[in-house]
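Text of the file structure.txt, holding compact mmCIF, C-alpha atoms and all ligand atoms:
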# COMPACT_ATOMS: atom_id res chain seq x y z
CA MET T 632 250.82 96.09 -28.02
CA GLN T 633 248.27 97.36 -25.57
CA ASN T 634 246.71 100.73 -25.48
CA LYS T 635 244.36 101.93 -22.82
CA ILE T 636 241.45 103.92 -24.00
CA HIS T 637 239.95 106.43 -21.65
CA ASP T 638 236.82 105.42 -19.82
CA SER T 639 237.08 101.84 -20.98
CA GLU T 640 236.90 98.93 -18.60
CA PRO T 641 240.10 97.03 -17.87
CA ASP T 642 241.12 95.18 -20.94
CA ASP T 643 240.86 91.44 -21.32
CA THR T 644 244.46 91.21 -22.36
CA ASN T 645 244.59 87.47 -22.77
CA GLU T 646 242.07 87.32 -25.50
CA PRO T 647 243.59 87.18 -28.94
CA SER T 648 242.41 89.93 -31.24
CA VAL T 649 241.29 89.25 -34.76
CA LEU T 650 244.51 90.77 -35.96
CA ASP T 651 246.65 88.51 -33.83
CA GLY T 652 245.31 85.70 -35.92
CA LEU T 653 245.42 87.44 -39.23
CA ASN T 654 248.68 89.27 -39.19
CA ARG T 655 251.10 89.01 -36.38
CA ARG T 656 251.32 85.29 -36.85
CA LYS T 657 251.42 85.55 -40.60
CA PHE T 658 254.24 88.05 -40.56
CA LEU T 659 256.34 86.37 -37.90
CA ALA T 660 255.82 82.83 -39.04
CA SER T 661 256.19 83.17 -42.75
CA GLY T 662 258.88 85.82 -42.39
CA GLY T 663 260.01 85.03 -45.88
CA LEU T 664 262.10 87.38 -47.94
CA ALA T 665 259.19 88.42 -50.12
CA THR T 666 257.11 89.29 -47.04
CA LEU T 667 259.95 91.33 -45.60
CA ALA T 668 260.60 93.17 -48.84
CA ALA T 669 256.90 93.91 -49.22
CA ALA T 670 256.71 95.24 -45.68
CA LEU T 671 259.78 97.44 -46.33
CA GLY T 672 258.48 98.51 -49.72
CA ALA T 673 261.88 97.77 -51.32
CA PRO T 674 264.06 94.83 -52.29
CA ILE T 675 266.85 93.91 -49.85
CA PRO T 676 270.11 93.72 -51.86
CA PHE T 677 272.07 92.09 -49.00
CA ALA T 678 269.30 89.80 -47.88
CA ASP T 679 271.69 86.85 -47.78
CA LYS T 680 273.61 88.60 -45.00
CA LEU T 681 270.53 89.35 -42.89
CA ALA T 682 270.55 86.99 -39.91
CA PRO T 683 267.37 84.91 -39.83
CA GLY T 684 264.89 86.33 -37.35
CA LEU T 685 266.61 89.73 -37.20
CA VAL T 686 263.93 92.39 -37.55
CA PRO T 687 264.96 95.11 -39.99
CA GLU T 688 265.46 98.42 -38.19
CA ALA T 689 262.81 100.09 -40.37
CA LEU T 690 260.25 97.73 -38.90
CA ALA T 691 261.64 97.64 -35.36
CA ALA T 692 259.17 100.15 -33.98
CA GLU T 693 256.36 98.00 -35.17
CA ALA T 694 257.95 94.70 -34.30
CA ALA T 695 256.31 94.50 -30.90
CA GLY T 696 252.88 94.68 -32.41
CA LEU T 697 251.14 94.68 -35.71
CA THR T 698 252.93 95.18 -38.93
CA GLU T 699 250.02 95.30 -41.28
CA ILE T 700 246.27 95.56 -41.25
CA PRO T 701 244.35 93.84 -44.04
CA GLY T 702 243.41 96.35 -46.71
CA LYS T 703 245.50 99.12 -45.17
CA ARG T 704 248.84 100.65 -46.05
CA GLY T 705 251.15 102.97 -44.16
CA LEU T 706 248.99 103.57 -41.08
CA ARG T 707 250.49 104.22 -37.66
CA ILE T 708 249.01 101.71 -35.24
CA LEU T 709 248.14 103.09 -31.83
CA GLY T 710 246.69 99.91 -30.38
CA ASP T 711 245.34 96.60 -31.57
CA ARG T 712 242.79 95.70 -28.89
CA PRO T 713 240.76 97.62 -29.81
CA LEU T 714 242.31 98.40 -33.15
CA ASN T 715 243.18 102.06 -33.62
CA ALA T 716 245.36 103.39 -36.41
CA GLU T 717 245.95 106.86 -37.83
CA THR T 718 247.20 108.08 -41.17
CA PRO T 719 250.54 109.87 -41.49
CA VAL T 720 249.54 113.32 -42.72
CA THR T 721 251.44 113.12 -46.02
CA LEU T 722 249.37 110.04 -46.96
CA LEU T 723 246.23 112.19 -46.79
CA HIS T 724 247.08 114.20 -49.91
CA ASP T 725 244.35 112.77 -52.18
CA ASP T 726 241.10 114.69 -52.70
CA ILE T 727 239.28 111.50 -51.76
CA THR T 728 241.05 109.45 -49.12
CA PRO T 729 241.71 105.95 -50.49
CA THR T 730 240.28 103.28 -48.20
CA GLU T 731 243.74 101.84 -47.58
CA HIS T 732 244.75 105.17 -46.02
CA HIS T 733 241.61 105.89 -44.01
CA PHE T 734 242.13 105.83 -40.23
CA ILE T 735 240.44 103.21 -38.04
CA ARG T 736 238.92 103.79 -34.65
CA ASN T 737 237.33 100.80 -32.94
CA ASN T 738 236.01 100.67 -29.40
CA GLY T 739 235.37 96.94 -29.23
CA HIS T 740 235.94 93.88 -31.39
CA VAL T 741 235.14 93.61 -35.06
CA PRO T 742 231.86 91.67 -35.39
CA GLU T 743 232.15 88.16 -36.78
CA ARG T 744 229.49 88.98 -39.38
CA ALA T 745 231.68 91.69 -40.82
CA GLU T 746 234.72 89.41 -40.83
CA LYS T 747 232.77 86.81 -42.80
CA LYS T 748 230.73 89.29 -44.85
CA ASP T 749 227.68 87.24 -43.87
CA LEU T 750 224.36 89.00 -44.52
CA ASN T 751 222.34 86.03 -43.26
CA GLY T 752 219.86 87.21 -40.67
CA TRP T 753 220.97 90.82 -40.93
CA SER T 754 218.44 93.62 -40.97
CA LEU T 755 218.26 97.21 -39.81
CA THR T 756 215.64 97.97 -37.20
CA ILE T 757 214.21 101.47 -36.83
CA ASP T 758 212.09 101.67 -33.71
CA GLY T 759 211.31 103.69 -30.62
CA GLU T 760 209.38 106.94 -31.06
CA VAL T 761 208.03 106.10 -34.52
CA ASN T 762 204.53 105.33 -35.79
CA LYS T 763 205.63 102.37 -37.88
CA PRO T 764 208.73 100.48 -36.75
CA LEU T 765 210.77 99.22 -39.71
CA GLN T 766 212.90 96.18 -40.24
CA LEU T 767 214.81 96.42 -43.50
CA THR T 768 217.13 94.06 -45.29
CA LEU T 769 219.99 95.66 -47.17
CA ASP T 770 218.14 95.02 -50.45
CA GLN T 771 214.98 96.66 -49.14
CA LEU T 772 216.96 99.66 -47.96
CA LYS T 773 218.62 99.96 -51.37
CA LYS T 774 215.34 99.55 -53.24
CA SER T 775 213.13 101.80 -51.15
CA TYR T 776 215.01 105.10 -50.97
CA LYS T 777 216.90 107.45 -53.24
CA HIS T 778 220.67 106.94 -53.42
CA TYR T 779 223.28 109.63 -52.87
CA THR T 780 227.07 109.61 -53.21
CA ARG T 781 229.01 112.21 -51.26
CA ALA T 782 232.54 112.94 -50.08
CA LEU T 783 232.36 113.30 -46.31
CA VAL T 784 234.97 114.09 -43.69
CA LEU T 785 235.09 111.77 -40.72
CA GLU T 786 237.25 113.05 -37.90
CA CYS T 787 237.62 111.43 -34.50
CA ALA T 788 236.93 114.01 -31.78
CA GLY T 789 240.20 112.89 -30.19
CA ASN T 790 242.25 113.77 -33.27
CA GLY T 791 245.11 115.98 -32.04
CA ARG T 792 244.86 114.70 -28.45
CA ALA T 793 248.64 114.22 -28.39
CA GLY T 794 249.00 118.02 -28.43
CA TYR T 795 247.51 118.56 -24.97
CA ASN T 796 249.54 119.09 -21.83
CA PRO T 797 249.02 117.66 -19.29
CA PRO T 798 248.22 114.73 -21.55
CA ALA T 799 244.67 113.45 -21.65
CA SER T 800 244.33 109.69 -21.43
CA GLY T 801 243.16 107.92 -24.54
CA ASN T 802 244.63 107.30 -27.95
CA GLN T 803 247.39 109.79 -28.61
CA TRP T 804 246.22 110.76 -32.09
CA THR T 805 248.39 113.36 -33.79
CA LEU T 806 246.93 114.69 -37.06
CA GLY T 807 245.75 111.58 -38.83
CA ALA T 808 242.43 110.50 -37.27
CA VAL T 809 240.67 112.12 -40.20
CA GLY T 810 239.77 111.19 -43.74
CA CYS T 811 237.43 112.20 -46.55
CA ALA T 812 236.09 109.20 -48.45
CA LEU T 813 233.19 108.86 -50.89
CA TYR T 814 230.12 107.25 -49.40
CA THR T 815 227.02 105.89 -51.10
CA GLY T 816 223.74 105.27 -49.37
CA VAL T 817 220.43 106.83 -48.46
CA LEU T 818 219.42 109.78 -46.32
CA LEU T 819 218.52 108.81 -42.78
CA LYS T 820 215.70 111.35 -42.95
CA ASP T 821 214.05 109.47 -45.84
CA VAL T 822 214.01 106.29 -43.78
CA LEU T 823 212.84 108.09 -40.64
CA LYS T 824 210.07 109.80 -42.61
CA ASP T 825 208.92 106.38 -43.74
CA ALA T 826 208.82 105.19 -40.13
CA GLY T 827 206.96 108.33 -39.07
CA VAL T 828 208.82 110.14 -36.32
CA LYS T 829 206.56 110.99 -33.39
CA SER T 830 206.54 114.44 -31.84
CA SER T 831 207.98 112.85 -28.68
CA ALA T 832 211.27 112.09 -30.49
CA VAL T 833 214.25 114.06 -29.24
CA TYR T 834 217.29 111.94 -30.10
CA ILE T 835 218.44 108.88 -31.98
CA GLY T 836 220.85 106.26 -30.70
CA TYR T 837 222.69 103.74 -32.84
CA ILE T 838 223.33 100.14 -31.85
CA GLY T 839 226.08 98.30 -33.66
CA GLU T 840 226.97 94.63 -33.73
CA ASP T 841 230.53 94.99 -32.45
CA PRO T 842 231.12 93.09 -29.21
CA HIS T 843 232.39 94.93 -26.15
CA LEU T 844 236.08 94.30 -25.34
CA SER T 845 234.95 92.01 -22.50
CA ARG T 846 232.67 90.16 -24.96
CA LEU T 847 229.90 90.39 -22.38
CA PRO T 848 226.70 90.19 -24.43
CA ASN T 849 224.88 92.78 -22.32
CA LYS T 850 227.50 95.45 -22.97
CA ASP T 851 227.89 97.65 -26.02
CA ALA T 852 231.30 98.71 -27.26
CA ILE T 853 229.82 102.11 -28.02
CA SER T 854 226.29 103.36 -28.65
CA ARG T 855 226.09 107.05 -29.35
CA GLY T 856 223.58 109.28 -31.07
CA VAL T 857 222.55 112.74 -32.16
CA PRO T 858 219.58 115.06 -31.55
CA ILE T 859 216.64 114.41 -33.85
CA ALA T 860 217.34 117.60 -35.82
CA LYS T 861 220.78 116.29 -36.81
CA ALA T 862 219.29 112.87 -37.61
CA LEU T 863 216.82 114.59 -39.96
CA ASP T 864 219.50 116.80 -41.54
CA GLU T 865 219.78 116.21 -45.27
CA ASN T 866 223.48 115.34 -44.92
CA THR T 867 223.07 112.53 -42.40
CA MET T 868 223.30 109.21 -44.21
CA LEU T 869 223.06 105.45 -43.91
CA VAL T 870 225.79 104.12 -46.21
CA TRP T 871 226.78 100.71 -47.58
CA GLU T 872 229.55 101.81 -49.93
CA MET T 873 232.90 103.49 -49.35
CA ASN T 874 234.88 104.66 -52.37
CA GLY T 875 232.70 102.66 -54.75
CA GLU T 876 233.09 99.34 -52.91
CA PRO T 877 230.93 97.65 -50.27
CA LEU T 878 231.89 99.02 -46.86
CA PRO T 879 235.07 97.27 -45.71
CA THR T 880 234.96 94.98 -42.68
CA LEU T 881 236.78 97.51 -40.53
CA HIS T 882 234.60 100.47 -41.54
CA GLY T 883 231.26 98.98 -40.58
CA TRP T 884 230.12 96.39 -43.15
CA PRO T 885 227.30 96.07 -44.11
CA LEU T 886 225.90 99.47 -43.05
CA ARG T 887 227.02 102.53 -41.14
CA LEU T 888 225.70 105.89 -40.15
CA ILE T 889 227.48 109.10 -41.18
CA CYS T 890 226.75 112.29 -39.23
CA PRO T 891 229.12 114.63 -41.05
CA GLY T 892 230.72 117.55 -39.25
CA TRP T 893 230.15 115.96 -35.84
CA PRO T 894 232.53 113.75 -33.86
CA ALA T 895 232.99 110.59 -35.93
CA SER T 896 231.94 108.64 -32.83
CA THR T 897 228.37 109.55 -33.80
CA SER T 898 228.85 107.75 -37.13
CA GLY T 899 227.97 104.25 -35.95
CA LYS T 900 229.50 101.27 -37.74
CA TRP T 901 228.13 97.72 -38.11
CA LEU T 902 224.61 99.04 -37.58
CA LYS T 903 221.74 96.84 -36.55
CA ARG T 904 219.38 99.34 -35.00
CA ILE T 905 218.49 103.02 -34.94
CA TRP T 906 216.53 103.70 -31.79
CA VAL T 907 214.46 106.89 -31.83
CA ARG T 908 214.46 108.16 -28.28
CA ASP T 909 212.18 110.34 -26.18
CA ARG T 910 215.23 111.57 -24.25
CA VAL T 911 218.91 112.20 -24.82
CA HIS T 912 220.33 108.82 -25.80
CA ASP T 913 222.10 107.31 -22.80
CA GLY T 914 224.07 104.51 -24.48
CA THR T 915 227.70 103.60 -23.89
CA LYS T 916 230.01 106.64 -24.23
CA MET T 917 227.13 109.10 -24.06
CA THR T 918 227.60 109.56 -20.33
CA GLY T 919 230.34 110.83 -18.05
CA HIS T 920 233.10 112.84 -19.70
CA SER T 921 232.93 111.05 -23.05
CA TYR T 922 232.86 113.41 -26.01
CA ARG T 923 232.14 116.42 -23.84
CA LEU T 924 233.86 119.74 -23.34
CA PRO T 925 233.77 122.05 -20.31
CA ARG T 926 231.22 124.81 -20.80
CA TYR T 927 233.80 127.41 -19.70
CA PRO T 928 237.58 127.59 -20.05
CA VAL T 929 239.44 125.57 -17.44
CA ALA T 930 243.09 125.58 -16.37
CA PRO T 931 245.05 122.61 -17.75
CA GLY T 932 244.69 119.58 -15.50
CA THR T 933 241.46 120.75 -13.83
CA GLU T 934 238.83 118.18 -12.85
CA VAL T 935 235.50 119.20 -14.32
CA ASP T 936 232.10 118.16 -13.05
CA GLU T 937 229.91 116.35 -15.58
CA LYS T 938 227.14 118.91 -15.13
CA ASP T 939 229.56 121.56 -16.42
CA MET T 940 230.25 119.66 -19.64
CA ASP T 941 228.41 119.84 -22.97
CA PHE T 942 228.40 117.33 -25.81
CA ILE T 943 230.64 118.15 -28.73
CA GLU T 944 228.45 118.89 -31.73
CA GLU T 945 229.97 120.69 -34.76
CA GLN T 946 233.71 120.07 -34.84
CA PRO T 947 236.06 123.05 -35.11
CA VAL T 948 237.61 124.41 -38.32
CA LYS T 949 240.86 122.70 -39.20
CA SER T 950 243.43 122.20 -41.94
CA ILE T 951 246.37 119.97 -42.77
CA ILE T 952 249.51 120.39 -44.83
CA THR T 953 249.84 117.16 -46.78
CA ASN T 954 252.72 118.30 -48.95
CA PRO T 955 255.62 118.67 -48.33
CA ALA T 956 256.50 116.62 -45.26
CA THR T 957 258.00 118.43 -42.31
CA GLY T 958 261.80 118.55 -42.43
CA MET T 959 262.04 119.11 -46.19
CA GLU T 960 264.74 121.23 -47.75
CA VAL T 961 264.12 123.59 -50.61
CA ALA T 962 266.81 125.19 -52.78
CA LEU T 963 266.94 128.96 -52.27
CA GLY T 964 265.19 130.73 -55.12
CA GLN T 965 263.04 127.74 -55.90
CA GLU T 966 259.31 127.86 -55.24
CA LEU T 967 258.10 126.05 -52.16
CA LYS T 968 254.81 124.47 -53.20
CA LEU T 969 252.45 123.73 -50.35
CA SER T 970 249.11 121.95 -50.43
CA GLY T 971 246.58 120.28 -48.19
CA HIS T 972 242.94 120.27 -47.13
CA ALA T 973 240.67 122.29 -44.87
CA TRP T 974 237.27 121.53 -43.32
CA SER T 975 234.87 122.69 -40.62
CA GLY T 976 231.94 121.08 -38.85
CA PHE T 977 230.09 124.38 -39.32
CA GLY T 978 230.16 124.17 -43.12
CA ASP T 979 232.40 125.74 -45.74
CA VAL T 980 235.90 127.01 -45.15
CA THR T 981 236.17 130.44 -46.74
CA ALA T 982 239.85 131.35 -46.35
CA MET T 983 243.16 129.57 -46.05
CA HIS T 984 246.40 131.33 -45.11
CA VAL T 985 249.98 130.30 -44.44
CA SER T 986 252.75 132.14 -42.64
CA TYR T 987 256.51 131.58 -42.96
CA ASP T 988 257.52 134.24 -40.44
CA PHE T 989 256.05 132.78 -37.24
CA GLY T 990 252.70 134.43 -37.75
CA ALA T 991 253.85 138.02 -38.40
CA THR T 992 252.39 138.06 -41.93
CA TRP T 993 250.03 135.75 -43.76
CA VAL T 994 249.82 134.68 -47.40
CA LYS T 995 246.43 133.89 -48.87
CA CYS T 996 246.18 130.45 -50.48
CA THR T 997 244.08 129.22 -53.37
CA LEU T 998 241.14 127.38 -51.86
CA ASP T 999 238.82 125.10 -53.83
CA LYS T 1000 235.09 124.84 -53.22
CA PRO T 1001 234.05 121.59 -51.54
CA ARG T 1002 232.75 118.84 -53.78
CA ASN T 1003 229.64 118.85 -51.58
CA LYS T 1004 228.83 120.13 -48.11
CA TYR T 1005 231.11 118.49 -45.46
CA ALA T 1006 233.73 117.40 -48.00
CA TRP T 1007 237.16 118.80 -47.28
CA GLN T 1008 238.51 121.56 -49.51
CA ASN T 1009 241.87 121.48 -51.26
CA TRP T 1010 244.22 124.43 -50.87
CA ASN T 1011 247.59 125.27 -52.33
CA VAL T 1012 250.11 128.09 -52.47
CA ALA T 1013 253.66 128.65 -53.76
CA LEU T 1014 256.12 130.62 -51.62
CA LYS T 1015 259.60 132.04 -52.20
CA LEU T 1016 261.64 132.02 -49.03
CA PRO T 1017 263.81 135.15 -48.78
CA GLN T 1018 267.13 133.71 -47.61
CA ARG T 1019 268.84 130.53 -46.46
CA GLY T 1020 267.83 129.16 -43.10
CA TYR T 1021 265.20 127.52 -40.95
CA TYR T 1022 261.55 128.34 -41.46
CA GLU T 1023 258.28 127.10 -40.17
CA ILE T 1024 255.15 127.02 -42.25
CA TRP T 1025 252.00 127.56 -40.25
CA ALA T 1026 248.67 126.84 -41.87
CA ARG T 1027 245.39 128.43 -40.82
CA ALA T 1028 241.83 127.92 -42.05
CA THR T 1029 238.87 130.24 -41.43
CA ASP T 1030 235.29 129.08 -41.93
CA HIS T 1031 232.18 130.95 -43.05
CA THR T 1032 231.17 131.65 -39.46
CA GLY T 1033 234.47 133.51 -38.91
CA ARG T 1034 235.90 130.75 -36.74
CA MET T 1035 239.66 130.39 -37.22
CA GLN T 1036 242.29 127.89 -36.11
CA PRO T 1037 244.22 128.93 -33.02
CA MET T 1038 247.99 129.24 -33.14
CA LEU T 1039 248.50 127.18 -30.00
CA VAL T 1040 246.33 124.37 -28.67
CA PRO T 1041 242.81 125.56 -27.94
CA GLY T 1042 241.30 125.26 -24.47
CA TRP T 1043 242.65 122.28 -22.57
CA ASN T 1044 239.89 119.82 -21.71
CA PRO T 1045 239.90 116.59 -19.69
CA GLY T 1046 239.17 114.31 -22.66
CA GLY T 1047 241.71 115.92 -24.97
CA TYR T 1048 239.14 116.61 -27.68
CA CYS T 1049 238.91 119.10 -30.53
CA ASN T 1050 242.52 120.17 -30.85
CA ASN T 1051 242.43 122.26 -34.01
CA ALA T 1052 245.70 124.15 -33.50
CA MET T 1053 247.42 125.15 -36.74
CA GLN T 1054 249.73 122.56 -38.16
CA ARG T 1055 253.37 123.62 -38.34
CA ILE T 1056 256.03 122.12 -40.57
CA ALA T 1057 259.77 122.79 -40.54
CA ILE T 1058 261.43 123.78 -43.83
CA LYS T 1059 265.05 124.60 -44.59
CA ALA T 1060 266.06 126.84 -47.46
CA VAL T 1061 269.54 125.72 -48.56
N1 LIG K 1101 229.74 100.36 -33.89
C1 LIG K 1101 230.76 101.22 -33.78
N2 LIG K 1101 230.70 102.40 -34.41
C2 LIG K 1101 231.73 103.28 -34.32
C3 LIG K 1101 232.87 103.00 -33.52
C4 LIG K 1101 232.93 101.72 -32.88
O1 LIG K 1101 233.89 101.37 -32.21
N3 LIG K 1101 231.86 100.87 -33.04
N4 LIG K 1101 233.85 103.94 -33.38
C5 LIG K 1101 233.42 105.33 -33.57
C6 LIG K 1101 234.50 106.29 -33.55
S1 LIG K 1101 235.01 106.82 -32.01
C7 LIG K 1101 235.02 106.83 -34.70
S2 LIG K 1101 236.19 108.05 -34.64
C8 LIG K 1101 234.59 106.36 -36.02
C9 LIG K 1101 235.77 105.83 -36.81
O2 LIG K 1101 235.37 105.42 -38.08
P1 LIG K 1101 236.40 104.63 -39.00
O3 LIG K 1101 237.00 103.52 -38.19
O4 LIG K 1101 235.61 104.16 -40.17
O5 LIG K 1101 237.47 105.60 -39.41
O6 LIG K 1101 233.60 105.33 -35.94
C10 LIG K 1101 232.67 105.47 -34.90
N5 LIG K 1101 231.65 104.45 -34.99
MO MO K 1102 236.39 108.74 -32.36
Would you kindly transcribe this structure into structure tokens?
Amino acid sequence: MQNKIHDSEPDDTNEPSVLDGLNRRKFLASGGLATLAAALGAPIPFADKLAPGLVPEALAAEAAGLTEIPGKRGLRILGDRPLNAETPVTLLHDDITPTEHHFIRNNGHVPERAEKKDLNGWSLTIDGEVNKPLQLTLDQLKKSYKHYTRALVLECAGNGRAGYNPPASGNQWTLGAVGCALYTGVLLKDVLKDAGVKSSAVYIGYIGEDPHLSRLPNKDAISRGVPIAKALDENTMLVWEMNGEPLPTLHGWPLRLICPGWPASTSGKWLKRIWVRDRVHDGTKMTGHSYRLPRYPVAPGTEVDEKDMDFIEEQPVKSIITNPATGMEVALGQELKLSGHAWSGFGDVTAMHVSYDFGATWVKCTLDKPRNKYAWQNWNVALKLPQRGYYEIWARATDHTGRMQPMLVPGWNPGGYCNNAMQRIAIKAV
């Protein structure tokens, strides 16, 4: 299965991906009954009548590509070179997203070091506009600075891209390129303070160990960054643990950056270097149209000059309905219980509403406080639908700045970023 990502070079399609080796072969070759049943999540009562080699219909959509990703369950795979997979929205119901349900967004290959969990020769370099460049082993990093554990939302800026028309090229994420896991690590500002940031510093750039898709050693898969103020923000972290375990291979082992509230592309995985810059970082995917929005509204399909585009910084307010799934039926007279999460790159969400009459009236939901800044907030509400028939539930979050989710897709933009339109689900009262 191939999937073109926008602004990437032509793919080296002949090169086997890590997952080719790990999974596709395993699934197809072993193909045993137990494997099939596990993949289907149920026993197969008439297995003896299933022709050998016949792919069960439930798996047919996936048959052309991957069927499973190590350590993951239930993700929808958008592409495997690079690997990109999103979470079906109903699997995001937990307060803290389990690692097996957290989306994956890779721009290049997974580094060999992370595959092998090999710390030999690994260190983090902090250099550039600092008085004292640092080179830290993981142990030194853990020993030298105070630890923090926080629940933090990571959302790909392209989440919701599938909602734009005309379509923007790139991964067609629907709702599931988001998750809120628990991360443990240190504050980037504590490390930067130790290195002594010079007054000439304006930006940081991260450099990860993941090879470019071409495997050319002089090319980075991605190397983004944030202004120095965001780097020094008390919520920006260097983390080695996700949900109480060492960072998984796919999420950046041994160390990643988390810049909460901003496009997750700024949260570099497989870190080896933080480069403090005297200019806006100009690494891979910092230039051109990547992660930028037009400064003014443009008609759908318009070409926009780079000089008229700004970087995406805080991500817009958003919410999801994780329960029930769209298409559910509810018996008339019975309560329809709805729940989900809400978050905003600008800080706390202060109100959550749903409508079951196409936006004519709105019902206020119960909304929890976040566990910490930049964690998502749980919401719930119980409705009684007035008569039999078809309804839609629309869900709308408002943050403390007064920003609110739009009913339809927000401003079209060439990269298909930041779609925070309200989620709608279909419900029948029967
Ligand atoms: N080194 C490196 N860091 C990276 C990426 C990558 O490909 N390589 N992808 C970025 C993007 S675009 C996103 S959305 C997030 C995804 O994080 P996740 O895969 O842990 O969900 O990581 C970011 N950090
Ligand atoms: Mo992303």
* Structure fact -> For ligand MO 1102 (chain K), the closest of T:Pro877, T:Gly1046, T:Pro719, T:Pro1041 counting only C-alpha atoms and all ligand atoms is T:Gly1046
* To do: Choose the residue, out of T:Arg704, T:Lys916, T:Arg923, T:Lys1015, that has the smallest atom-to-atom separation from ligand LIG 1101 (chain K); count all atoms listed in the file.
  => T:Lys916
* Near Cys811 of chain T, within 7 Å and counting all atoms listed in the file, which residues show up once chain neighbours fewer than 4 positions away are dropped, as a list in words? ->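 Neighbouring residues, sequence-local ones excluded: Ile727, Thr728, Ala782, Leu783, Val784, Leu785, Ala1006 and Trp1007 of chain T.
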* Asked: Between T:Thr915, T:Lys850, T:Ala793, T:Lys824, which has the minimum distance to Gly836 of chain T (counting all atoms listed in the file)?
  ->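 Looking only at the distances to Gly836 of chain T, the closest residue turns out to be T:Thr915.
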* Sel. within 10 Å of pt (211.8, 97.4, -38.7), counting only C-alpha atoms, output as a list in words ->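 Here the neighbourhood of the point contains Ser754, Leu755, Thr756, Ile757, Asp758, Lys763, Pro764, Leu765, Gln766, Leu767, Thr768, Ala826, Arg904 and Ile905 of chain T.
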Can you pull out every residue within 9 Å of Val833 of chain T, counting all atoms listed in the file, but drop anything in the same chain fewer than 4 positions away, and send it as a PDB file with C-alpha atoms, in the coordinates of the input?
ATOM      1  CA  GLU T 760     209.380 106.940 -31.060  1.00  0.00           C
ATOM      2  CA  VAL T 857     222.550 112.740 -32.160  1.00  0.00           C
ATOM      3  CA  PRO T 858     219.580 115.060 -31.550  1.00  0.00           C
ATOM      4  CA  ILE T 859     216.640 114.410 -33.850  1.00  0.00           C
ATOM      5  CA  ALA T 860     217.340 117.600 -35.820  1.00  0.00           C
ATOM      6  CA  VAL T 907     214.460 106.890 -31.830  1.00  0.00           C
ATOM      7  CA  ARG T 908     214.460 108.160 -28.280  1.00  0.00           C
ATOM      8  CA  ASP T 909     212.180 110.340 -26.180  1.00  0.00           C
ATOM      9  CA  ARG T 910     215.230 111.570 -24.250  1.00  0.00           C
ATOM     10  CA  VAL T 911     218.910 112.200 -24.820  1.00  0.00           C
ATOM     11  CA  HIS T 912     220.330 108.820 -25.800  1.00  0.00           C
TER      12      HIS T 912
END
* Asked: Smallest atom-to-atom distance to ligand MO 1102 (chain K): which of T:Val828, T:Leu772, T:Ile952, T:Ile943, using all atoms listed in the file?
  -> T:Ile943
